[in-house]
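Peer 1: Okay, so here is my_file14.cif, and as you'll see once you scroll down, it has mmCIF, C-alpha atoms.
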data_run
loop_
_atom_site.label_atom_id
_atom_site.label_comp_id
_atom_site.auth_asym_id
_atom_site.auth_seq_id
_atom_site.Cartn_x
_atom_site.Cartn_y
_atom_site.Cartn_z
CA MET E 1 54.23 52.23 156.61
CA ASN E 2 53.37 55.13 154.42
CA PHE E 3 55.71 57.74 153.09
CA LYS E 4 54.79 60.53 155.46
CA ALA E 5 55.31 58.37 158.53
CA MET E 6 58.61 57.22 157.08
CA THR E 7 59.91 60.73 156.51
CA ALA E 8 58.84 61.74 159.98
CA VAL E 9 60.79 58.86 161.48
CA ALA E 10 63.75 59.47 159.23
CA ALA E 11 63.74 63.15 160.07
CA ALA E 12 63.70 62.30 163.75
CA LEU E 13 66.60 59.89 163.33
CA ILE E 14 68.80 62.14 161.28
CA ALA E 15 67.44 65.53 162.17
CA THR E 16 70.55 67.18 160.79
CA ALA E 17 70.04 66.00 157.22
CA PRO E 18 66.31 65.51 156.55
CA ALA E 19 66.72 66.75 152.97
CA LEU E 20 68.63 63.60 152.08
CA MET E 21 65.53 61.60 152.84
CA ALA E 22 63.16 63.60 150.67
CA GLY E 23 60.52 61.25 149.37
CA GLY E 24 61.39 57.81 148.21
CA PRO E 25 59.38 54.60 147.94
CA ASP E 26 58.05 52.81 151.01
CA ASP E 27 59.04 49.30 152.13
CA ASP E 28 55.71 47.48 151.93
CA THR E 29 55.35 44.16 150.13
CA MET E 30 52.62 43.31 147.68
CA VAL E 31 50.72 40.04 147.74
CA ILE E 32 47.52 39.94 145.69
CA ASN E 33 44.52 38.03 147.09
CA GLY E 34 46.83 36.56 149.72
CA GLU E 35 48.46 34.37 147.08
CA ILE E 36 50.17 36.10 144.17
CA GLU E 37 53.56 37.36 145.36
CA MET E 38 54.57 40.37 143.37
CA THR E 39 57.97 41.76 142.50
CA THR E 40 57.61 45.51 142.98
CA LYS E 41 61.30 46.37 143.33
CA THR E 42 64.15 44.71 141.53
CA GLU E 43 67.48 45.24 139.89
CA ALA E 44 67.34 47.54 136.88
CA PRO E 45 67.82 45.86 133.49
CA ALA E 46 71.28 46.13 131.94
CA HIS E 47 70.24 48.72 129.37
CA MET E 48 69.55 51.22 132.18
CA GLU E 49 73.17 51.45 133.15
CA GLY E 50 74.17 55.09 133.28
CA THR E 51 70.67 56.33 134.12
CA GLY E 52 71.45 56.59 137.82
CA ILE E 53 68.68 54.09 138.58
CA ASP E 54 69.87 50.73 139.85
CA THR E 55 66.59 49.57 141.38
CA ILE E 56 63.36 49.72 139.42
CA ILE E 57 60.28 50.33 141.51
CA SER E 58 56.58 49.96 140.86
CA GLY E 59 54.46 53.12 141.07
CA TRP E 60 52.54 51.32 143.83
CA HIS E 61 55.31 52.13 146.33
CA PHE E 62 54.74 55.85 145.89
CA ARG E 63 51.05 55.80 146.76
CA GLU E 64 49.39 56.20 150.15
CA ASP E 65 48.54 53.10 152.21
CA GLU E 66 44.80 53.34 151.51
CA THR E 67 45.36 53.46 147.77
CA GLN E 68 47.86 50.62 147.97
CA SER E 69 45.56 48.34 149.92
CA GLN E 70 42.79 48.56 147.32
CA GLN E 71 45.01 46.73 144.88
CA LEU E 72 45.68 43.81 147.19
CA ASP E 73 42.26 42.22 146.97
CA ASP E 74 40.22 41.74 143.82
CA PHE E 75 37.02 42.53 145.69
CA GLU E 76 38.36 45.95 146.59
CA ASN E 77 40.14 46.64 143.31
CA GLN E 78 37.56 48.57 141.34
CA GLY E 79 39.50 47.92 138.16
CA MET E 80 38.35 44.31 138.41
CA ILE E 81 34.75 45.32 137.64
CA PHE E 82 35.94 46.19 134.15
CA VAL E 83 37.83 42.95 133.90
CA ASP E 84 34.51 41.19 134.45
CA ASN E 85 32.99 43.15 131.57
CA ALA E 86 35.86 41.95 129.39
CA ARG E 87 35.23 38.33 130.39
CA ASP E 88 31.76 38.67 128.89
CA ALA E 89 33.17 40.33 125.78
CA TRP E 90 35.74 37.53 125.45
CA ASP E 91 32.96 35.01 124.82
CA THR E 92 30.82 37.28 122.67
CA VAL E 93 30.65 36.60 118.94
CA GLU E 94 31.14 39.79 116.94
CA GLY E 95 31.79 40.51 113.27
CA GLU E 96 31.10 38.85 109.95
CA ALA E 97 33.25 35.81 110.63
CA GLY E 98 31.02 34.67 113.50
CA GLU E 99 33.91 34.33 115.92
CA SER E 100 34.66 35.45 119.47
CA CYS E 101 38.05 35.76 121.15
CA ALA E 102 37.26 32.43 122.81
CA SER E 103 36.85 30.66 119.45
CA CYS E 104 40.58 30.99 118.76
CA HIS E 105 42.15 31.46 122.19
CA GLY E 106 40.21 29.30 124.68
CA THR E 107 39.88 30.86 128.10
CA PRO E 108 41.35 34.20 129.16
CA GLU E 109 43.65 32.25 131.49
CA ASP E 110 45.16 30.58 128.41
CA MET E 111 46.53 34.04 127.55
CA ALA E 112 48.73 34.19 130.65
CA GLY E 113 52.20 35.22 129.50
CA VAL E 114 51.04 37.37 126.59
CA LYS E 115 50.84 40.76 128.31
CA PRO E 116 54.41 40.67 129.75
CA VAL E 117 56.03 40.63 126.28
CA TYR E 118 54.04 43.50 124.72
CA PRO E 119 54.74 45.82 122.96
CA LYS E 120 56.59 43.44 120.65
CA TYR E 121 57.68 43.15 117.06
CA VAL E 122 55.09 41.03 115.27
CA ASP E 123 56.78 39.22 112.38
CA SER E 124 53.68 38.69 110.29
CA ALA E 125 52.85 42.39 110.51
CA GLY E 126 56.38 43.69 110.15
CA GLU E 127 55.89 46.24 112.95
CA VAL E 128 56.04 46.73 116.69
CA ARG E 129 52.56 46.37 118.11
CA THR E 130 51.04 47.17 121.44
CA LEU E 131 48.58 44.68 122.88
CA GLN E 132 45.71 46.91 121.80
CA MET E 133 46.99 46.96 118.22
CA GLN E 134 47.27 43.18 118.23
CA MET E 135 43.76 42.76 119.63
CA ASN E 136 42.48 45.05 116.90
CA ALA E 137 44.29 42.99 114.26
CA CYS E 138 42.38 39.95 115.54
CA ARG E 139 39.16 41.89 115.42
CA THR E 140 39.52 43.26 111.91
CA GLU E 141 41.32 40.37 110.22
CA ARG E 142 40.05 37.26 111.96
CA MET E 143 36.66 38.32 113.27
CA GLN E 144 35.86 40.86 110.59
CA ALA E 145 34.62 43.12 113.33
CA GLU E 146 35.26 46.81 113.79
CA ALA E 147 38.48 47.96 115.40
CA TRP E 148 38.19 49.40 118.88
CA GLY E 149 39.23 53.02 119.41
CA TYR E 150 42.62 53.39 121.06
CA ASP E 151 42.25 53.33 124.86
CA ALA E 152 38.48 53.31 124.34
CA GLN E 153 36.42 51.47 126.95
CA PRO E 154 36.17 48.00 125.33
CA ALA E 155 39.85 48.03 124.38
CA ILE E 156 41.05 49.09 127.81
CA GLU E 157 38.79 46.57 129.53
CA MET E 158 40.14 43.73 127.40
CA GLU E 159 43.70 44.87 127.99
CA ALA E 160 42.96 44.81 131.72
CA LEU E 161 41.70 41.23 131.44
CA MET E 162 44.84 40.18 129.53
CA SER E 163 46.94 41.86 132.18
CA SER E 164 45.06 40.40 135.15
CA VAL E 165 45.70 36.80 134.05
CA SER E 166 49.44 37.56 133.87
CA ARG E 167 49.70 39.23 137.26
CA GLY E 168 52.88 38.23 139.06
CA MET E 169 54.73 37.35 135.85
CA PRO E 170 57.76 39.53 135.09
CA VAL E 171 57.58 42.17 132.37
CA ASP E 172 59.88 40.89 129.63
CA VAL E 173 59.79 42.97 126.46
CA ALA E 174 62.42 42.43 123.78
CA ILE E 175 64.48 45.47 122.83
CA ASP E 176 66.89 43.97 120.32
CA GLY E 177 66.57 42.50 116.83
CA PRO E 178 63.70 43.95 114.85
CA ALA E 179 62.37 45.81 117.92
CA ALA E 180 65.57 47.83 118.27
CA GLU E 181 64.58 50.62 115.94
CA ALA E 182 61.32 51.42 117.74
CA TRP E 183 63.08 51.07 121.09
CA GLU E 184 65.70 53.65 120.10
CA MET E 185 62.97 56.00 118.95
CA GLY E 186 61.16 55.56 122.25
CA LYS E 187 64.35 56.25 124.15
CA GLU E 188 64.91 59.45 122.26
CA ILE E 189 61.39 60.64 123.04
CA TYR E 190 61.89 59.75 126.71
CA TYR E 191 64.83 62.11 126.96
CA THR E 192 63.47 64.96 124.80
CA ARG E 193 62.50 68.07 126.72
CA TYR E 194 59.14 69.02 125.26
CA GLY E 195 56.95 72.05 125.57
CA GLN E 196 57.28 75.50 127.01
CA LEU E 197 58.31 73.99 130.35
CA GLU E 198 61.07 72.02 128.59
CA LEU E 199 60.61 68.85 130.60
CA ALA E 200 61.35 65.30 129.50
CA CYS E 201 59.96 62.10 130.98
CA ALA E 202 63.40 61.75 132.52
CA SER E 203 63.19 65.18 134.20
CA CYS E 204 60.40 63.93 136.42
CA HIS E 205 60.62 60.12 136.48
CA GLU E 206 64.38 59.55 136.32
CA GLU E 207 65.89 62.63 138.00
CA ASN E 208 63.14 63.28 140.50
CA TYR E 209 61.25 60.12 141.41
CA GLY E 210 60.55 60.04 145.11
CA ASN E 211 60.26 63.83 145.25
CA TYR E 212 57.03 65.70 145.62
CA ILE E 213 56.03 68.08 142.84
CA ARG E 214 53.33 70.01 144.62
CA ALA E 215 50.86 67.34 145.90
CA ASP E 216 52.11 64.65 143.50
CA HIS E 217 54.61 62.09 144.70
CA LEU E 218 56.70 61.31 141.64
CA SER E 219 57.23 57.64 140.79
CA GLN E 220 59.52 56.18 138.14
CA GLY E 221 56.64 56.35 135.67
CA GLN E 222 56.59 52.59 135.16
CA VAL E 223 53.88 51.01 133.01
CA ASN E 224 53.78 47.55 134.62
CA GLY E 225 50.59 48.53 136.47
CA PHE E 226 48.57 49.41 133.37
CA PRO E 227 45.72 49.67 132.78
CA THR E 228 45.42 51.64 136.00
CA TYR E 229 42.19 52.31 137.81
CA ARG E 230 42.56 55.92 138.94
CA LEU E 231 40.57 57.17 141.91
CA LYS E 232 40.80 60.61 140.35
CA ASN E 233 38.60 59.74 137.36
CA ALA E 234 37.10 56.45 138.55
CA LYS E 235 37.91 54.54 135.39
CA LEU E 236 40.57 52.44 133.74
CA ASN E 237 43.36 54.49 132.15
CA GLY E 238 45.57 53.39 129.29
CA VAL E 239 49.30 53.89 128.90
CA HIS E 240 48.97 56.26 125.96
CA SER E 241 46.35 58.37 127.70
CA ARG E 242 48.72 58.69 130.65
CA PHE E 243 51.55 59.69 128.32
CA ARG E 244 49.30 62.32 126.78
CA GLY E 245 48.53 63.79 130.17
CA CYS E 246 52.19 63.94 131.14
CA VAL E 247 53.23 65.57 127.85
CA ARG E 248 50.33 68.03 128.05
CA ASP E 249 51.54 69.07 131.50
CA THR E 250 54.81 70.29 130.00
CA ARG E 251 52.77 72.79 127.94
CA ALA E 252 53.56 70.80 124.81
CA GLU E 253 51.66 69.57 121.81
CA THR E 254 51.02 65.92 122.66
CA PHE E 255 51.19 62.90 120.38
CA SER E 256 48.01 60.92 119.77
CA THR E 257 47.06 57.69 121.46
CA GLY E 258 48.09 54.85 119.18
CA SER E 259 50.62 57.03 117.31
CA PRO E 260 53.96 55.50 116.24
CA GLU E 261 55.67 57.82 118.76
CA PHE E 262 53.64 56.54 121.69
CA VAL E 263 53.97 52.91 120.56
CA ALA E 264 57.75 53.37 120.55
CA LEU E 265 57.66 55.20 123.88
CA GLU E 266 55.53 52.44 125.41
CA LEU E 267 58.08 49.83 124.32
CA TYR E 268 60.92 51.86 125.78
CA VAL E 269 59.18 52.62 129.08
CA ALA E 270 58.00 48.99 129.39
CA SER E 271 61.62 47.87 128.93
CA ARG E 272 62.63 50.02 131.88
CA GLY E 273 60.30 47.80 133.90
CA ASN E 274 61.67 44.46 132.67
CA GLY E 275 61.67 42.29 135.80
CA LEU E 276 58.81 43.99 137.65
CA SER E 277 55.60 41.97 137.98
CA VAL E 278 52.69 42.68 135.69
CA GLU E 279 50.18 44.40 138.00
CA GLY E 280 47.29 45.57 135.86
CA PRO E 281 44.69 46.56 136.65
CA SER E 282 46.46 48.48 139.39
CA VAL E 283 44.97 51.19 141.58
CA ARG E 284 46.45 54.68 141.55
CA ASN E 285 45.27 58.13 142.55
CA MET P 286 43.44 105.82 149.03
CA ARG P 287 40.35 103.90 147.96
CA LEU P 288 40.61 100.51 146.31
CA THR P 289 39.64 101.73 142.85
CA ALA P 290 42.22 104.46 143.14
CA ILE P 291 44.86 101.91 144.01
CA THR P 292 43.99 99.66 141.08
CA MET P 293 43.93 102.62 138.78
CA ALA P 294 47.32 103.75 139.97
CA ALA P 295 48.60 100.20 139.63
CA SER P 296 47.37 99.83 136.09
CA LEU P 297 48.89 103.16 135.18
CA VAL P 298 52.22 101.89 136.47
CA ALA P 299 51.74 98.60 134.61
CA GLY P 300 50.93 100.49 131.43
CA ALA P 301 53.99 102.66 131.73
CA ALA P 302 56.11 99.63 132.57
CA LEU P 303 54.85 97.71 129.57
CA ALA P 304 56.16 100.39 127.25
CA ASP P 305 59.68 100.04 128.66
CA ALA P 306 59.70 96.26 129.07
CA VAL P 307 62.54 94.30 127.51
CA ALA P 308 61.13 91.65 125.16
CA PRO P 309 62.08 88.03 126.03
CA GLY P 310 64.28 87.78 122.94
CA ASP P 311 66.19 90.97 123.80
CA VAL P 312 67.27 90.19 127.35
CA THR P 313 70.99 90.49 128.04
CA TYR P 314 72.50 87.91 130.40
CA THR P 315 75.98 88.22 131.88
CA GLU P 316 78.31 85.26 131.45
CA TYR P 317 77.08 83.95 134.83
CA GLY P 318 73.44 84.21 133.80
CA GLU P 319 72.59 87.42 135.65
CA ILE P 320 70.31 90.18 134.38
CA GLU P 321 71.51 93.54 135.64
CA THR P 322 68.49 95.79 135.14
CA SER P 323 64.74 95.59 135.66
CA LEU P 324 62.96 93.80 132.84
CA SER P 325 59.90 96.01 133.13
CA GLY P 326 61.74 99.24 133.82
CA ALA P 327 59.85 99.47 137.10
CA PRO P 328 60.56 98.17 140.60
CA GLY P 329 58.93 94.93 141.77
CA ASP P 330 56.15 94.53 144.31
CA ALA P 331 57.10 91.78 146.77
CA GLU P 332 53.54 91.08 147.85
CA ALA P 333 52.40 90.56 144.26
CA GLY P 334 55.46 88.35 143.78
CA ALA P 335 54.44 86.09 146.64
CA LYS P 336 51.08 85.62 144.94
CA VAL P 337 52.75 84.73 141.62
CA MET P 338 54.89 82.15 143.39
CA THR P 339 51.97 80.30 144.94
CA THR P 340 49.42 80.53 142.11
CA ARG P 341 49.13 77.45 139.94
CA GLY P 342 48.44 79.24 136.67
CA LEU P 343 51.34 81.66 137.22
CA GLY P 344 54.77 80.91 138.71
CA ASN P 345 53.68 77.99 140.87
CA CYS P 346 57.25 78.02 142.17
CA VAL P 347 56.13 76.13 145.27
CA ALA P 348 55.43 73.11 143.03
CA CYS P 349 59.18 72.55 143.14
CA HIS P 350 60.48 74.78 145.96
CA LYS P 351 59.74 75.00 149.65
CA VAL P 352 59.48 78.51 151.10
CA ASP P 353 58.54 78.46 154.77
CA ALA P 354 57.35 82.07 154.70
CA LEU P 355 54.76 81.36 152.00
CA ASP P 356 51.31 80.18 152.93
CA ALA P 357 50.77 77.38 150.42
CA ALA P 358 49.90 73.73 150.93
CA PHE P 359 51.97 70.95 149.35
CA GLN P 360 55.26 72.66 148.65
CA GLY P 361 57.50 70.59 146.43
CA GLU P 362 61.02 69.19 146.70
CA VAL P 363 62.23 69.07 143.11
CA GLY P 364 64.31 72.24 143.58
CA PRO P 365 66.22 73.47 146.63
CA PRO P 366 64.32 75.29 149.43
CA LEU P 367 64.47 79.05 148.90
CA ASN P 368 64.54 80.14 152.53
CA GLY P 369 67.21 82.79 152.90
CA VAL P 370 67.95 82.96 149.16
CA GLY P 371 67.80 86.78 149.17
CA GLY P 372 70.68 86.75 151.65
CA TYR P 373 73.14 84.86 149.48
CA ARG P 374 72.10 85.77 145.94
CA SER P 375 72.05 89.21 144.35
CA GLU P 376 69.04 90.74 142.70
CA ALA P 377 70.71 90.39 139.28
CA GLU P 378 71.37 86.69 139.89
CA LEU P 379 67.81 86.05 141.01
CA ARG P 380 66.38 87.92 138.02
CA GLY P 381 68.49 85.80 135.69
CA ILE P 382 67.50 82.56 137.41
CA VAL P 383 63.78 83.31 137.30
CA ALA P 384 63.88 84.56 133.69
CA ASN P 385 65.93 81.63 132.40
CA ALA P 386 67.55 79.39 134.99
CA LYS P 387 69.38 77.47 132.28
CA MET P 388 71.74 80.42 131.85
CA THR P 389 72.86 79.90 135.45
CA PHE P 390 72.40 76.14 135.91
CA GLU P 391 73.12 74.28 132.72
CA GLY P 392 70.52 71.63 131.95
CA THR P 393 68.38 72.39 135.01
CA VAL P 394 64.80 71.11 135.10
CA MET P 395 63.62 74.56 136.22
CA PRO P 396 61.52 76.10 133.42
CA ALA P 397 62.45 79.45 131.87
CA PHE P 398 59.78 81.96 132.83
CA TYR P 399 60.78 84.69 130.38
CA LYS P 400 61.45 82.99 127.11
CA THR P 401 59.31 82.49 124.00
CA SER P 402 61.42 80.61 121.48
CA GLY P 403 63.50 77.50 121.00
CA PHE P 404 60.95 74.99 122.30
CA ILE P 405 60.22 71.49 120.98
CA ARG P 406 56.51 71.01 120.18
CA PRO P 407 55.30 74.00 122.21
CA GLY P 408 51.66 73.77 123.19
CA ASP P 409 48.78 76.18 123.54
CA GLY P 410 48.92 76.41 127.34
CA TYR P 411 47.89 73.12 128.94
CA THR P 412 45.47 72.07 126.20
CA GLY P 413 47.80 69.54 124.57
CA LYS P 414 47.26 71.30 121.24
CA GLY P 415 50.11 72.86 119.32
CA ALA P 416 50.91 76.57 119.24
CA ALA P 417 52.92 78.59 116.74
CA GLU P 418 56.09 80.01 118.22
CA GLU P 419 55.16 83.58 117.33
CA ASP P 420 51.99 83.25 119.41
CA LEU P 421 53.75 82.21 122.61
CA GLU P 422 53.66 84.45 125.64
CA PRO P 423 56.35 84.08 128.30
CA LEU P 424 55.16 82.14 131.38
CA LEU P 425 55.41 85.35 133.39
CA THR P 426 55.34 89.00 132.31
CA ALA P 427 58.33 91.29 132.82
CA GLN P 428 56.57 92.90 135.77
CA GLN P 429 55.68 89.54 137.34
CA ILE P 430 59.36 88.55 137.14
CA GLU P 431 60.28 91.79 138.90
CA ASP P 432 57.62 91.14 141.55
CA VAL P 433 58.96 87.63 142.18
CA VAL P 434 62.52 88.91 142.40
CA ALA P 435 61.40 91.59 144.86
CA TYR P 436 59.78 88.88 146.98
CA LEU P 437 62.87 86.64 146.84
CA MET P 438 64.99 89.56 148.02
CA THR P 439 62.89 89.67 151.21
CA LEU P 440 63.93 86.10 152.03
CA LYS P 441 66.85 86.77 154.35
CA ASP P 442 67.58 84.65 157.39
#
As structure tokens - that is how I would like this structure written.
Peer 2:
Amino acid sequence: MNFKAMTAVAAALIATAPALMAGGPDDDTMVINGEIEMTTKTEAPAHMEGTGIDTIISGWHFREDETQSQQLDDFENQGMIFVDNARDAWDTVEGEAGESCASCHGTPEDMAGVKPVYPKYVDSAGEVRTLQMQMNACRTERMQAEAWGYDAQPAIEMEALMSSVSRGMPVDVAIDGPAAEAWEMGKEIYYTRYGQLELACASCHEENYGNYIRADHLSQGQVNGFPTYRLKNAKLNGVHSRFRGCVRDTRAETFSTGSPEFVALELYVASRGNGLSVEGPSVRN
Amino acid sequence: MRLTAITMAASLVAGAALADAVAPGDVTYTEYGEIETSLSGAPGDAEAGAKVMTTRGLGNCVACHKVDALDAAFQGEVGPPLNGVGGYRSEAELRGIVANAKMTFEGTVMPAFYKTSGFIRPGDGYTGKGAAEEDLEPLLTAQQIEDVVAYLMTLKD
């Protein structure tokens, strides 16, 4: 049942206090292709104690039924067209070294389990890397090919392929040890009220998820569904591009895609989804 | 009066008002966050205020507040509904809340509509590019605040 129907029913049931029921996620369940059972609501990770959120919820629950249903079947999920492009790229030799992704990693399915743990601290590099940064390291160092632009088409398509083979696995990013510093930085950014509207991520996605802000139904701003295929622009959208849009909407100067700030923020936001299934490429409006 | 005459008269008023307007940095709030006197030095126009409240590039108050009397699709639920607010709040309170709601409600998510300093990474409108603090305009002009307050005062049950 979609949100509107739910509110209508709720309002009818408790006509005296409809305001208490403002918004909220729906109760649908997500099964992809009739076989992959997805966790779209679960207990919040321990580090979220004190945030007022005890259940973490996929952005899918805040979308209309028609949008939701497109994600349930790969033939209807338009994001999967781009995943097919990436399958071709996976096998394509590029760069001076004469290698393809397949030369080192086998099939894309062999990469199941990689996406859920990114961003992560990469020992050999001595830094926290997003999946796109790690893919670029493979390209420049091992393949001697050119790096992809951040959130550029080939990068986002490959990220969608890596995500699709991990669908149903729980997000599980590490926040301690050498990742702790970036995680703390990300947390600070999450709670900073930027721009002339003085709004933080938390203002919308922690304090107000479930509420409508004009026509937009606010979710928890989870990243487990990325890359997302958005009906609005009919393409795959990356996490950092989404962050940019949200920061821009506070009338602030944004950070750049791939910047240390957004890498840290991605780690922090991903950690708020620890336990939700990897969903990318998801469908959103 | 013909339309041109009206606009001319209006712009004369606006011009006069501008001269007397209190700059965002010079506004005096009471300890409860109220502003006692008109920011523009002129009275507000409720009809113009209604327009400010529903226009996306201006107040867009309905993004967060529901006002049954306003004709605007998709009214939000981030803030409380404002029906009847003119019945239980004074003009000075409303002026303070619209100009800088944080003086009344500590830590509120409601943006300050008459403030131009103290921001973190302020942008040049909605471009995502940075802006120097001295170049910032308040989200609403002194007269637009007065217009909005005049409209809110009409909201009595």
Peer 1: Using all atoms listed in the file, I'd like every residue of chain E that has an atom within 7 Å of chain P; please write them out as a ChimeraX atom specification.
Peer 2: /E:194-199,203,208,211-215,248-249,251-254
Peer 1: Output C-alpha atoms for every residue in that selection, as a compact mmCIF listing (two decimals), in the coordinates of the input.
Peer 2:
# COMPACT_ATOMS: atom_id res chain seq x y z
CA TYR E 194 59.14 69.02 125.26
CA GLY E 195 56.95 72.05 125.57
CA GLN E 196 57.28 75.50 127.01
CA LEU E 197 58.31 73.99 130.35
CA GLU E 198 61.07 72.02 128.59
CA LEU E 199 60.61 68.85 130.60
CA SER E 203 63.19 65.18 134.20
CA ASN E 208 63.14 63.28 140.50
CA ASN E 211 60.26 63.83 145.25
CA TYR E 212 57.03 65.70 145.62
CA ILE E 213 56.03 68.08 142.84
CA ARG E 214 53.33 70.01 144.62
CA ALA E 215 50.86 67.34 145.90
CA ARG E 248 50.33 68.03 128.05
CA ASP E 249 51.54 69.07 131.50
CA ARG E 251 52.77 72.79 127.94
CA ALA E 252 53.56 70.80 124.81
CA GLU E 253 51.66 69.57 121.81
CA THR E 254 51.02 65.92 122.66
Peer 1: In Å, with one decimal, what is the gap from CA of Ala386 in chain P to CA of Leu437 in chain P?
Peer 2: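 So the answer is 14.7 Å.
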Peer 1: On this structure, which residues satisfy the PyMOL selection byres ((chain E and resi 138) around 12), written as a ChimeraX atom specification?
Peer 2: /E:94-95,97,99-105,125,131-137,139-148
Peer 1: Can those selected residues be exported to a file as an mmCIF file, keeping the file's coordinate frame so that it contains C-alpha atoms?
Peer 2:
data_model
loop_
_atom_site.group_PDB
_atom_site.id
_atom_site.type_symbol
_atom_site.label_atom_id
_atom_site.label_comp_id
_atom_site.auth_asym_id
_atom_site.auth_seq_id
_atom_site.Cartn_x
_atom_site.Cartn_y
_atom_site.Cartn_z
ATOM 1 C CA GLU E 94 31.140 39.790 116.940
ATOM 2 C CA GLY E 95 31.790 40.510 113.270
ATOM 3 C CA ALA E 97 33.250 35.810 110.630
ATOM 4 C CA GLU E 99 33.910 34.330 115.920
ATOM 5 C CA SER E 100 34.660 35.450 119.470
ATOM 6 C CA CYS E 101 38.050 35.760 121.150
ATOM 7 C CA ALA E 102 37.260 32.430 122.810
ATOM 8 C CA SER E 103 36.850 30.660 119.450
ATOM 9 C CA CYS E 104 40.580 30.990 118.760
ATOM 10 C CA HIS E 105 42.150 31.460 122.190
ATOM 11 C CA ALA E 125 52.850 42.390 110.510
ATOM 12 C CA LEU E 131 48.580 44.680 122.880
ATOM 13 C CA GLN E 132 45.710 46.910 121.800
ATOM 14 C CA MET E 133 46.990 46.960 118.220
ATOM 15 C CA GLN E 134 47.270 43.180 118.230
ATOM 16 C CA MET E 135 43.760 42.760 119.630
ATOM 17 C CA ASN E 136 42.480 45.050 116.900
ATOM 18 C CA ALA E 137 44.290 42.990 114.260
ATOM 19 C CA ARG E 139 39.160 41.890 115.420
ATOM 20 C CA THR E 140 39.520 43.260 111.910
ATOM 21 C CA GLU E 141 41.320 40.370 110.220
ATOM 22 C CA ARG E 142 40.050 37.260 111.960
ATOM 23 C CA MET E 143 36.660 38.320 113.270
ATOM 24 C CA GLN E 144 35.860 40.860 110.590
ATOM 25 C CA ALA E 145 34.620 43.120 113.330
ATOM 26 C CA GLU E 146 35.260 46.810 113.790
ATOM 27 C CA ALA E 147 38.480 47.960 115.400
ATOM 28 C CA TRP E 148 38.190 49.400 118.880
#
Peer 1: Would you kindly return, as a list in words, each protein, DNA or RNA residue with an atom no farther than 12 Å from any atom of Glu76 in chain E, considering all atoms listed in the file and excluding same-chain residues fewer than 6 positions away?
Peer 2: Ile32, Asn33, Glu66, Thr67, Gln68, Ser69, Gln70, Tyr229, Pro281, Ser282 and Val283 of chain E
Peer 1: Hey, can you pull every residue with an atom no more than 12 Å from (36.5, 57.7, 133.8), using only C-alpha atoms, and send it as a list in words?
Peer 2: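 Result, sorted by chain then residue number: Gln78, Gly79, Phe82, Asp151, Ala152, Gln153, Ile156, Thr228, Tyr229, Arg230, Leu231, Lys232, Asn233, Ala234, Lys235, Leu236, Asn237, Gly238 and Ser241 of chain E.
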Peer 1: For the point (50.5, 58.5, 148.7) in file coordinates, what residues are within 9 Å, counting only C-alpha atoms? Give the answer as a ChimeraX atom specification?
Peer 2: /E:2-4,60-68,216-217,285
Peer 1: Quick one: residues within 12 Å of Val173 in chain E, all atoms listed in the file counted, chain neighbours fewer than 2 positions away excluded, as a PyMOL selection string?
Peer 2: chain E and resi 45+113-121+128-131+170-171+175-177+179-180+183+223-224+266-276+278
Peer 1: Can you list what the PyMOL selection byres ((chain P and resi 329) around 12) grabs from this structure, as a PyMOL selection string?
Peer 2: chain P and resi 295+298-299+302+322-328+330-335+337+376+380+426-439
Peer 1: For a test of reading the model, state the distance in Å between CA of Asp311 in chain P and CA of Ala377 in chain P, rounded to one decimal.
Peer 2: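 CA of Ala377 in chain P lies 16.1 Å from CA of Asp311 in chain P.
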Peer 1: What lies within 9 Å of Met162 in chain E using all atoms listed in the file, ignoring chain neighbours under 3 positions off, as a list in words?
Peer 2: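 Skipping anything fewer than 3 positions along the chain leaves Val83, Pro108, Glu109, Met111, Ala112, Gly113, Val114, Lys115, Leu131, Glu157, Met158, Glu159, Val165, Ser166 and Gly280 of chain E.
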Peer 1: Would you mind exporting the chosen residues as an mmCIF file, keeping the file's coordinate frame, restricted to C-alpha atoms?
Peer 2:
data_model
loop_
_atom_site.group_PDB
_atom_site.id
_atom_site.type_symbol
_atom_site.label_atom_id
_atom_site.label_comp_id
_atom_site.auth_asym_id
_atom_site.auth_seq_id
_atom_site.Cartn_x
_atom_site.Cartn_y
_atom_site.Cartn_z
ATOM 1 C CA VAL E 83 37.830 42.950 133.900
ATOM 2 C CA PRO E 108 41.350 34.200 129.160
ATOM 3 C CA GLU E 109 43.650 32.250 131.490
ATOM 4 C CA MET E 111 46.530 34.040 127.550
ATOM 5 C CA ALA E 112 48.730 34.190 130.650
ATOM 6 C CA GLY E 113 52.200 35.220 129.500
ATOM 7 C CA VAL E 114 51.040 37.370 126.590
ATOM 8 C CA LYS E 115 50.840 40.760 128.310
ATOM 9 C CA LEU E 131 48.580 44.680 122.880
ATOM 10 C CA GLU E 157 38.790 46.570 129.530
ATOM 11 C CA MET E 158 40.140 43.730 127.400
ATOM 12 C CA GLU E 159 43.700 44.870 127.990
ATOM 13 C CA VAL E 165 45.700 36.800 134.050
ATOM 14 C CA SER E 166 49.440 37.560 133.870
ATOM 15 C CA GLY E 280 47.290 45.570 135.860
#
Peer 1: Put a box with edges along x, y and z around all the listed atoms of range 129-138 of chain E, pad it by 5 Å on each side, then give me its centre and sizes in Å, one decimal, as lines of an AutoDock Vina configuration file.
Peer 2:
center_x = 47.5
center_y = 43.6
center_z = 118.6
size_x = 20.2
size_y = 17.2
size_z = 18.6
Peer 1: Using all atoms listed in the file, can you tell me which of E:Ser124, E:Gln71, E:Gln220, E:Thr42 comes closest to Met30 in chain E?
Peer 2: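 So, comparing all the options, the nearest one is E:Gln71.
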